[in-house]
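Below: work_29.txt (compact mmCIF, C-alpha atoms)
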# COMPACT_ATOMS: atom_id res chain seq x y z
CA MET A 72 15.58 192.35 88.31
CA LYS A 73 18.25 194.97 87.70
CA LEU A 74 17.75 197.41 84.82
CA LEU A 75 20.29 199.62 83.09
CA VAL A 76 18.32 202.68 81.95
CA THR A 77 20.09 205.03 79.57
CA GLY A 78 18.89 208.62 79.65
CA GLY A 79 17.39 208.14 83.07
CA ALA A 80 17.74 211.81 84.03
CA GLY A 81 15.61 212.90 81.10
CA PHE A 82 11.84 213.30 80.84
CA ILE A 83 10.69 209.78 79.90
CA GLY A 84 13.75 208.03 81.31
CA SER A 85 13.23 209.51 84.76
CA ALA A 86 9.61 208.35 84.76
CA VAL A 87 10.88 204.84 84.03
CA VAL A 88 13.46 205.10 86.81
CA ARG A 89 10.92 206.28 89.37
CA LEU A 90 8.42 203.56 88.44
CA THR A 91 11.06 200.83 88.39
CA VAL A 92 12.20 201.66 91.92
CA ALA A 93 8.58 201.97 93.10
CA ARG A 94 8.01 198.40 91.90
CA GLY A 95 10.97 197.08 93.83
CA HIS A 96 13.48 196.60 91.02
CA SER A 97 17.10 197.81 91.00
CA VAL A 98 18.01 200.44 88.45
CA VAL A 99 21.27 201.86 87.19
CA ASN A 100 20.69 205.29 85.68
CA LEU A 101 23.24 205.97 82.94
CA ASP A 102 23.10 209.58 81.74
CA ALA A 103 25.57 211.98 80.16
CA LEU A 104 23.78 214.94 81.79
CA THR A 105 23.48 216.98 78.62
CA TYR A 106 21.37 220.16 78.45
CA ALA A 107 17.97 218.38 78.75
CA ALA A 108 18.89 216.16 81.70
CA CYS A 109 18.12 217.01 85.30
CA LEU A 110 18.97 214.90 88.33
CA GLU A 111 16.13 216.61 90.21
CA ASN A 112 13.86 214.40 88.08
CA VAL A 113 14.98 211.38 90.11
CA ALA A 114 15.53 213.07 93.46
CA SER A 115 12.61 211.15 94.96
CA VAL A 116 14.46 207.84 94.51
CA SER A 117 18.09 208.95 94.69
CA ASP A 118 18.51 207.75 98.28
CA SER A 119 16.99 204.34 97.61
CA PRO A 120 19.31 201.33 97.90
CA LEU A 121 17.73 200.19 94.62
CA TYR A 122 19.10 203.22 92.73
CA THR A 123 22.57 203.89 91.30
CA PHE A 124 23.71 206.73 89.05
CA GLU A 125 26.49 206.53 86.46
CA GLN A 126 27.43 209.62 84.46
CA ALA A 127 28.63 208.45 81.06
CA ASP A 128 28.12 209.01 77.35
CA ILE A 129 26.64 206.09 75.39
CA CYS A 130 29.28 206.78 72.73
CA ASP A 131 32.03 205.96 75.24
CA ARG A 132 32.63 202.23 74.81
CA GLU A 133 35.20 201.99 77.60
CA ALA A 134 32.76 203.52 80.09
CA LEU A 135 29.95 201.25 78.92
CA ASP A 136 32.08 198.13 79.31
CA ARG A 137 32.99 199.18 82.86
CA ILE A 138 29.34 199.86 83.75
CA PHE A 139 28.15 196.50 82.38
CA ALA A 140 30.93 194.66 84.20
CA THR A 141 30.32 196.48 87.47
CA HIS A 142 26.54 196.31 87.63
CA ARG A 143 25.72 193.19 85.55
CA PRO A 144 22.19 194.24 84.55
CA ASP A 145 19.44 191.81 83.60
CA ALA A 146 18.13 194.16 80.93
CA VAL A 147 18.86 197.41 79.12
CA MET A 148 16.20 200.05 78.53
CA HIS A 149 17.67 202.44 75.97
CA LEU A 150 16.07 205.88 76.20
CA ALA A 151 19.10 208.15 75.84
CA ALA A 152 18.55 210.30 72.76
CA GLU A 153 18.55 213.74 71.29
CA SER A 154 14.82 214.29 70.81
CA HIS A 155 13.87 217.87 69.93
CA VAL A 156 12.91 218.17 66.25
CA ASP A 157 13.66 221.91 66.12
CA ARG A 158 17.18 221.36 67.46
CA SER A 159 17.72 218.59 64.89
CA ILE A 160 16.99 221.10 62.12
CA ASP A 161 19.59 223.53 63.46
CA GLY A 162 22.24 220.95 64.39
CA PRO A 163 21.69 217.45 62.98
CA GLY A 164 25.20 216.25 63.83
CA ALA A 165 24.45 215.76 67.53
CA PHE A 166 21.44 213.61 66.60
CA ILE A 167 23.51 211.35 64.36
CA GLN A 168 26.19 211.06 67.04
CA THR A 169 23.87 210.13 69.91
CA ASN A 170 20.97 208.38 68.21
CA VAL A 171 22.95 206.42 65.63
CA THR A 172 26.56 206.10 66.81
CA GLY A 173 25.51 205.97 70.46
CA THR A 174 22.95 203.25 69.80
CA TYR A 175 25.54 201.24 67.85
CA THR A 176 28.09 201.60 70.66
CA LEU A 177 25.56 200.54 73.29
CA LEU A 178 24.49 197.56 71.19
CA GLU A 179 28.06 196.39 70.89
CA ALA A 180 28.73 196.80 74.61
CA ALA A 181 25.50 194.96 75.44
CA ARG A 182 26.33 192.17 73.00
CA ALA A 183 29.81 191.71 74.46
CA TYR A 184 28.40 191.61 77.98
CA TRP A 185 25.59 189.20 77.02
CA GLN A 186 27.93 186.85 75.19
CA GLY A 187 30.51 187.00 77.97
CA ALA A 188 27.83 186.08 80.50
CA GLY A 189 26.94 182.96 78.54
CA LYS A 190 23.94 184.43 76.72
CA PRO A 191 21.48 184.33 79.64
CA GLU A 192 17.95 183.64 78.41
CA GLY A 193 16.36 186.38 80.51
CA PHE A 194 18.50 189.21 79.15
CA ARG A 195 16.70 191.91 77.14
CA PHE A 196 17.75 194.95 75.14
CA HIS A 197 14.72 197.24 74.93
CA HIS A 198 15.04 200.08 72.43
CA ILE A 199 12.60 202.95 72.97
CA SER A 200 11.75 204.94 69.84
CA THR A 201 9.13 207.27 68.36
CA ASP A 202 6.16 207.17 66.00
CA GLU A 203 7.85 209.93 64.00
CA VAL A 204 9.87 207.26 62.15
CA TYR A 205 6.68 206.46 60.19
CA GLY A 206 6.37 209.92 58.66
CA SER A 207 3.13 211.83 58.32
CA LEU A 208 -0.50 210.71 58.06
CA GLY A 209 -3.37 212.31 56.21
CA PRO A 210 -6.76 212.99 57.81
CA THR A 211 -7.42 209.28 58.35
CA GLY A 212 -5.52 206.11 59.22
CA GLN A 213 -3.15 205.10 62.02
CA PHE A 214 0.40 203.85 62.34
CA THR A 215 0.75 200.12 62.93
CA GLU A 216 3.92 198.15 63.55
CA ASP A 217 3.91 197.25 59.83
CA THR A 218 3.74 200.86 58.58
CA PRO A 219 6.73 201.53 56.30
CA TYR A 220 9.32 203.91 57.69
CA ASP A 221 9.26 207.40 56.15
CA PRO A 222 11.11 209.81 58.47
CA ARG A 223 10.93 213.51 57.54
CA SER A 224 13.30 215.28 59.97
CA PRO A 225 16.91 214.74 61.03
CA TYR A 226 15.55 213.65 64.42
CA SER A 227 13.17 211.01 63.09
CA ALA A 228 15.74 209.82 60.54
CA SER A 229 18.29 209.29 63.30
CA LYS A 230 15.77 207.37 65.41
CA ALA A 231 14.80 205.25 62.40
CA ALA A 232 18.48 204.41 61.89
CA GLY A 233 18.71 203.34 65.54
CA ASP A 234 15.63 201.13 65.14
CA HIS A 235 17.18 199.42 62.13
CA LEU A 236 20.46 198.83 63.97
CA VAL A 237 18.66 197.20 66.89
CA ARG A 238 16.71 194.89 64.59
CA ALA A 239 19.92 194.00 62.74
CA TRP A 240 21.73 193.10 65.97
CA GLY A 241 18.79 190.89 66.85
CA GLU A 242 18.80 189.11 63.52
CA THR A 243 22.56 188.90 62.95
CA TYR A 244 23.89 188.26 66.44
CA GLY A 245 20.81 186.86 68.17
CA LEU A 246 20.79 189.68 70.73
CA PRO A 247 17.45 189.40 72.57
CA ILE A 248 15.77 192.67 71.59
CA VAL A 249 12.36 194.32 71.81
CA LEU A 250 11.36 197.69 70.39
CA THR A 251 8.67 200.25 71.11
CA ASN A 252 7.52 203.31 69.18
CA CYS A 253 5.52 205.84 71.17
CA SER A 254 3.36 208.86 70.44
CA ASN A 255 3.93 212.35 71.88
CA ASN A 256 4.52 212.27 75.64
CA PHE A 257 3.50 214.91 78.16
CA GLY A 258 3.46 215.23 81.93
CA PRO A 259 5.56 216.33 84.92
CA TYR A 260 9.29 217.00 84.48
CA HIS A 261 8.88 217.77 80.76
CA PHE A 262 11.88 219.86 79.68
CA PRO A 263 10.67 223.42 78.97
CA GLU A 264 11.36 223.51 75.24
CA LYS A 265 8.54 221.14 74.19
CA LEU A 266 5.02 222.28 73.32
CA VAL A 267 3.10 221.61 76.55
CA PRO A 268 5.58 223.23 78.97
CA VAL A 269 6.22 226.08 76.52
CA VAL A 270 2.52 226.91 76.51
CA ILE A 271 2.25 226.75 80.30
CA LEU A 272 5.32 228.87 80.97
CA LYS A 273 4.61 231.45 78.26
CA ALA A 274 1.06 231.85 79.58
CA LEU A 275 2.26 232.27 83.17
CA ALA A 276 4.73 234.93 82.01
CA GLY A 277 2.06 236.76 80.00
CA GLU A 278 4.12 236.29 76.83
CA PRO A 279 2.93 235.33 73.33
CA ILE A 280 2.19 231.60 73.04
CA PRO A 281 3.70 230.45 69.70
CA VAL A 282 1.65 228.06 67.57
CA TYR A 283 3.25 226.79 64.37
CA GLY A 284 1.34 227.40 61.12
CA ASP A 285 -2.40 227.26 61.64
CA GLY A 286 -2.19 224.86 64.60
CA ALA A 287 -3.98 222.08 62.70
CA ASN A 288 -1.19 219.51 63.11
CA VAL A 289 -2.55 216.54 65.04
CA ARG A 290 -0.73 214.40 67.61
CA ASP A 291 -1.72 211.41 69.74
CA TRP A 292 -0.86 212.43 73.32
CA LEU A 293 0.45 209.88 75.84
CA PHE A 294 0.83 210.68 79.54
CA VAL A 295 4.42 209.94 80.50
CA GLU A 296 3.53 207.76 83.51
CA ASP A 297 1.32 205.61 81.28
CA HIS A 298 4.26 205.31 78.90
CA ALA A 299 6.62 204.16 81.68
CA ASP A 300 4.10 201.48 82.67
CA ALA A 301 3.83 200.33 79.05
CA LEU A 302 7.61 200.12 78.70
CA LEU A 303 7.97 197.88 81.73
CA THR A 304 5.11 195.76 80.41
CA VAL A 305 6.86 195.27 77.08
CA LEU A 306 10.19 194.57 78.77
CA THR A 307 8.76 191.79 80.93
CA LYS A 308 6.06 190.37 78.65
CA GLY A 309 6.95 191.33 75.08
CA GLU A 310 7.93 188.76 72.48
CA LEU A 311 11.59 188.77 71.49
CA GLY A 312 12.31 190.50 68.20
CA ARG A 313 8.89 192.15 68.19
CA SER A 314 7.98 195.83 68.15
CA TYR A 315 5.03 197.44 69.91
CA ASN A 316 3.40 200.79 69.19
CA ILE A 317 2.42 202.70 72.34
CA GLY A 318 -0.27 205.36 72.00
CA GLY A 319 -2.50 207.30 74.33
CA GLU A 320 -5.54 207.21 72.01
CA ASN A 321 -5.77 210.97 72.60
CA GLU A 322 -5.73 212.67 69.18
CA VAL A 323 -5.82 216.45 69.48
CA SER A 324 -4.68 219.26 67.18
CA ASN A 325 -1.94 221.54 68.44
CA LEU A 326 -4.33 224.48 68.58
CA GLU A 327 -6.93 222.49 70.53
CA LEU A 328 -4.23 221.38 72.97
CA VAL A 329 -3.06 224.95 73.52
CA GLU A 330 -6.62 226.12 74.10
CA MET A 331 -7.19 223.33 76.64
CA ILE A 332 -4.09 224.38 78.57
CA CYS A 333 -5.17 228.03 78.50
CA ALA A 334 -8.59 227.10 79.89
CA LEU A 335 -6.97 225.14 82.73
CA LEU A 336 -4.75 228.10 83.57
CA ASP A 337 -7.73 230.47 83.49
CA ALA A 338 -9.30 228.43 86.29
CA ARG A 339 -6.12 227.90 88.31
CA HIS A 340 -4.24 231.13 87.64
CA PRO A 341 -6.82 233.79 86.74
CA GLU A 342 -4.23 236.53 86.63
CA GLY A 343 -3.77 237.19 82.91
CA ALA A 344 -6.95 235.38 81.86
CA PRO A 345 -8.13 234.70 79.27
CA HIS A 346 -4.76 233.18 78.45
CA ALA A 347 -5.95 232.17 74.97
CA ASP A 348 -5.58 235.83 74.00
CA LEU A 349 -1.81 235.20 74.07
CA ILE A 350 -1.97 232.64 71.23
CA THR A 351 0.19 233.83 68.35
CA PHE A 352 0.54 231.99 65.05
CA VAL A 353 4.14 231.85 63.82
CA ALA A 354 5.93 230.56 60.73
CA ASP A 355 5.64 226.78 60.53
CA ARG A 356 8.48 224.37 61.21
CA PRO A 357 10.22 223.15 58.02
CA GLY A 358 8.88 219.71 57.04
CA HIS A 359 6.28 219.76 59.82
CA ASP A 360 4.44 216.40 59.81
CA GLN A 361 0.69 216.95 59.59
CA ARG A 362 -0.64 214.12 61.72
CA TYR A 363 0.49 211.20 63.88
CA ALA A 364 -1.88 208.54 65.23
CA ILE A 365 -1.03 205.21 66.85
CA ASP A 366 -2.96 201.97 66.47
CA PRO A 367 -2.21 200.26 69.83
CA THR A 368 -4.01 197.02 69.00
CA ARG A 369 -0.93 194.79 69.30
CA ILE A 370 0.10 195.89 72.79
CA ARG A 371 -3.52 195.78 73.95
CA THR A 372 -4.35 192.32 72.58
CA GLU A 373 -0.99 190.61 73.16
CA LEU A 374 0.12 192.19 76.43
CA GLY A 375 -3.12 193.51 77.92
CA TRP A 376 -1.93 197.11 78.16
CA ARG A 377 -3.93 200.26 77.43
CA ALA A 378 -3.40 203.91 78.34
CA SER A 379 -5.35 204.91 81.44
CA VAL A 380 -4.99 208.71 81.44
CA THR A 381 -7.08 210.88 79.12
CA VAL A 382 -5.57 214.01 77.63
CA GLU A 383 -7.92 216.14 79.75
CA GLU A 384 -6.89 214.44 83.01
CA GLY A 385 -3.21 214.40 82.05
CA LEU A 386 -3.15 218.08 81.15
CA ALA A 387 -4.82 219.01 84.44
CA ARG A 388 -2.22 217.00 86.35
CA THR A 389 0.58 218.52 84.29
CA VAL A 390 -0.57 222.13 84.74
CA ASP A 391 -0.95 221.58 88.49
CA TRP A 392 2.57 220.10 88.67
CA TYR A 393 4.13 223.12 86.91
CA LEU A 394 2.25 225.52 89.15
CA GLU A 395 3.56 223.65 92.22
CA ASN A 396 7.17 223.23 91.02
CA GLU A 397 8.35 226.66 89.94
CA ASP A 398 11.83 226.11 91.39
CA TRP A 399 12.32 223.12 89.06
CA TRP A 400 11.44 224.88 85.81
CA ARG A 401 12.99 228.24 86.62
CA ALA A 402 16.36 226.56 87.11
CA LEU A 403 16.16 225.15 83.57
CA GLN A 404 15.15 228.33 81.76
CA THR A 405 18.74 229.58 81.64
CA ARG A 406 19.93 226.56 79.66
CA GLN A 407 21.05 227.02 76.07
CA GLY A 408 18.21 227.49 73.59
CA VAL A 409 15.36 227.39 76.12
CA GLY A 410 12.78 230.05 75.33
CA GLU A 411 14.22 230.71 71.86
CA ARG A 412 12.66 229.88 68.51
CA LEU A 413 14.73 227.05 67.05
CA GLY A 414 14.49 225.09 63.85
CA LYS A 415 13.87 227.86 61.33
CA ALA A 416 16.33 226.30 58.85
Can you give me the file's structure in the form of structure tokens?
Amino acid sequence: MKLLVTGGAGFIGSAVVRLTVARGHSVVNLDALTYAACLENVASVSDSPLYTFEQADICDREALDRIFATHRPDAVMHLAAESHVDRSIDGPGAFIQTNVTGTYTLLEAARAYWQGAGKPEGFRFHHISTDEVYGSLGPTGQFTEDTPYDPRSPYSASKAAGDHLVRAWGETYGLPIVLTNCSNNFGPYHFPEKLVPVVILKALAGEPIPVYGDGANVRDWLFVEDHADALLTVLTKGELGRSYNIGGENEVSNLELVEMICALLDARHPEGAPHADLITFVADRPGHDQRYAIDPTRIRTELGWRASVTVEEGLARTVDWYLENEDWWRALQTRQGVGERLGKA
């Protein structure tokens, strides 16, 4: 099987690329190499005969047509996206361009390729999305695949639009599609503007650790390598036209998560301990969703998949990885916006 993975130099995309190659499949990594991409994320497989890299923008139809014609993939896994909520508040245009226009352009290129190849039965277009399209939960309840969409940020609205386009191309043109909506990911190679790496790197630097509002916002945390395994499961076993929610079943408040990371650093990097003394509450993000929680019943019962990594185990592995890979994260700290407070509106 040959996969075309968009956004394969990003956080989740690179985990998919590494796992795909490890399982003996060919992969074409299509990435525009924007600010959050890093080819070091796939350095471990870059010399493999199963791996090919193509630098291109998913909004560039001519480039997409060339890549499809050259590589003739058996499936598309679409992960390329602008994904940072705070950046979407400051500059929503890039999110509309990539997540909406880019998804449309990729769908059209995939449809032309699929039709030109005689509509092979095994072809799949797998669109990877987020649980944020469902909006915000109260203290109880979980998102299911039937939860109405209610996006609250420019980021989640742009991802919701992409989801709707993919479903429409499936219904209107018969394009063989599957969709997934995941909870918050964490793990190695996480770009250092998201919560988990921010906490680790601020603590190591002895700088204030920012926590939005009162830190009571709850997320369901999914280890990125579990997510990559789930995505390949859905690609190969999922029912056409169906969507699957992927969750880690690890609900933790932001403040609890930060405190867990600080405790891990106290044990591994006692200089500066207790690191929890660095926690600083800051003005909340505009429109900050209170709680996300995934009901993963469908993927568990239909496809036999369940997350294997607890939040405690995953955080320990993540902290250890950042401590062992300083060269990787230091090289990214000079990129635009990293280390700054974004999304104040």
- prompt: What's the 10 Å shell around Asp131 in chain A, counting all atoms listed in the file, without same-chain residues fewer than 5 positions away, as a ChimeraX atom specification?
  reply: /A:136,173,176-177,180
Counting only C-alpha atoms, the option among A:Leu293, A:Val409, A:Ala354, A:Leu135 closest to Val269 in chain A: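 Nearest to Val269 in chain A: A:Val409.
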Excluding range 326-341 of chain A and residues on its chain fewer than 2 positions from it, collect all residues at most 10 Å away from it, counting all atoms listed in the file, and give them as a short mmCIF file (atom, residue, chain, number, x, y, z; two decimals) with C-alpha atoms, in the frame of the given file.
data_model
loop_
_atom_site.label_atom_id
_atom_site.label_comp_id
_atom_site.auth_asym_id
_atom_site.auth_seq_id
_atom_site.Cartn_x
_atom_site.Cartn_y
_atom_site.Cartn_z
CA LEU A 266 5.02 222.28 73.32
CA VAL A 267 3.10 221.61 76.55
CA PRO A 268 5.58 223.23 78.97
CA VAL A 269 6.22 226.08 76.52
CA VAL A 270 2.52 226.91 76.51
CA ILE A 271 2.25 226.75 80.30
CA ALA A 274 1.06 231.85 79.58
CA LEU A 275 2.26 232.27 83.17
CA ILE A 280 2.19 231.60 73.04
CA PRO A 281 3.70 230.45 69.70
CA VAL A 282 1.65 228.06 67.57
CA TYR A 283 3.25 226.79 64.37
CA GLY A 284 1.34 227.40 61.12
CA ASP A 285 -2.40 227.26 61.64
CA GLY A 286 -2.19 224.86 64.60
CA ALA A 287 -3.98 222.08 62.70
CA ASN A 288 -1.19 219.51 63.11
CA VAL A 289 -2.55 216.54 65.04
CA ARG A 290 -0.73 214.40 67.61
CA TRP A 292 -0.86 212.43 73.32
CA GLU A 322 -5.73 212.67 69.18
CA VAL A 323 -5.82 216.45 69.48
CA SER A 324 -4.68 219.26 67.18
CA GLY A 343 -3.77 237.19 82.91
CA ALA A 344 -6.95 235.38 81.86
CA PRO A 345 -8.13 234.70 79.27
CA HIS A 346 -4.76 233.18 78.45
CA ALA A 347 -5.95 232.17 74.97
CA ASP A 348 -5.58 235.83 74.00
CA LEU A 349 -1.81 235.20 74.07
CA ILE A 350 -1.97 232.64 71.23
CA PHE A 352 0.54 231.99 65.05
CA VAL A 382 -5.57 214.01 77.63
CA GLU A 383 -7.92 216.14 79.75
CA LEU A 386 -3.15 218.08 81.15
CA ALA A 387 -4.82 219.01 84.44
CA THR A 389 0.58 218.52 84.29
CA VAL A 390 -0.57 222.13 84.74
CA ASP A 391 -0.95 221.58 88.49
CA LEU A 394 2.25 225.52 89.15
#
For range 325-379 of chain A against range 209-228 of chain A, with a cut-off of 8 Å and counting all atoms listed in the file, what is the closest atom pair and its distance in Å to one decimal for every residue that makes the cut, ordered by chain and number, as a tab-separated table?
residue	atom	partner	partner_atom	distance
A:Gly358	CA	A:Arg223	CA	6.5
A:Asp360	CA	A:Arg223	CA	7.5
A:Gln361	CA	A:Gly209	CA	7.0
A:Arg362	CA	A:Gly209	CA	6.4
A:Tyr363	CA	A:Gln213	CA	7.3
A:Ala364	CA	A:Gln213	CA	4.9
A:Ile365	CA	A:Phe214	CA	4.9
A:Asp366	CA	A:Gln213	CA	5.4
A:Pro367	CA	A:Thr215	CA	7.5
Do you know which residues lie at most 9 Å from (16.7, 207.1, 65.9), with coordinates as in the file and all atoms listed in the file counted, and could you write them as a compact mmCIF listing (two decimals) with C-alpha atoms, keeping the file's coordinate frame?
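Saved result, point_12.txt, follows:
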# COMPACT_ATOMS: atom_id res chain seq x y z
CA ALA A 152 18.55 210.30 72.76
CA GLU A 153 18.55 213.74 71.29
CA SER A 154 14.82 214.29 70.81
CA PHE A 166 21.44 213.61 66.60
CA ILE A 167 23.51 211.35 64.36
CA THR A 169 23.87 210.13 69.91
CA ASN A 170 20.97 208.38 68.21
CA VAL A 171 22.95 206.42 65.63
CA THR A 174 22.95 203.25 69.80
CA SER A 200 11.75 204.94 69.84
CA THR A 201 9.13 207.27 68.36
CA VAL A 204 9.87 207.26 62.15
CA TYR A 226 15.55 213.65 64.42
CA SER A 227 13.17 211.01 63.09
CA ALA A 228 15.74 209.82 60.54
CA SER A 229 18.29 209.29 63.30
CA LYS A 230 15.77 207.37 65.41
CA ALA A 231 14.80 205.25 62.40
CA ALA A 232 18.48 204.41 61.89
CA GLY A 233 18.71 203.34 65.54
CA ASP A 234 15.63 201.13 65.14
CA HIS A 235 17.18 199.42 62.13
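Only residues having an atom at most 7 Å from (22.8, 193.0, 74.2) are included; using all atoms listed in the file, these are Leu178, Ala181, Arg182, Tyr184, Trp185, Arg195, Phe196, Leu246 and Pro247 of chain A.
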Box for range 293-306 of chain A - axis-aligned, 5 Å on each of the six sides, all listed atoms - centre and size in Å to one decimal, as JSON.
{"center_x": 5.3, "center_y": 202.6, "center_z": 79.7, "size_x": 19.7, "size_y": 26.1, "size_z": 17.7}
- prompt: Taking all atoms listed in the file into account, which of A:Gly193, A:Gly245, A:Gly408, A:Pro259 comes nearest Val147 in chain A?
  reply: A:Gly193
- prompt: Quick one, how far is CA of Thr304 in chain A from CA of Asn316 in chain A?
  reply: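 It comes out at 12.4 Å.
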message: Can you pull out the residues contacting Ala151 in chain A? Cut-off 12 Å, using all atoms listed in the file, and skip same-chain residues under 6 positions away; I want them as a count of residues only.
response: 38
task: One decimal, Å: what's the distance from CA of Gly206 in chain A over to CA of Val295 in chain A, could you say?
output: 21.9 Å
- request: State, in Å with one decimal place, the distance from CA of Glu111 in chain A to CA of Phe257 in chain A.
  value: 17.5 Å
message: So, with all atoms listed in the file as the atoms that count, which of A:Val99, A:Ala134, A:Leu208, A:Val87 lies closest to Asn112 in chain A?
response: A:Val87
query: Of the candidates A:Cys253, A:Tyr260, A:Glu133, A:Ile138, which shows the shortest atom-to-atom distance to Trp392 in chain A, using all atoms listed in the file?
result: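 Of A:Cys253, A:Tyr260, A:Glu133, A:Ile138, the one nearest Trp392 in chain A is A:Tyr260, counting all atoms listed in the file.
When all atoms listed in the file are used to compute distances to Glu203 in chain A, the closest of the residues A:His359, A:Val305, A:Thr243, A:Tyr106 turns out to be A:His359.
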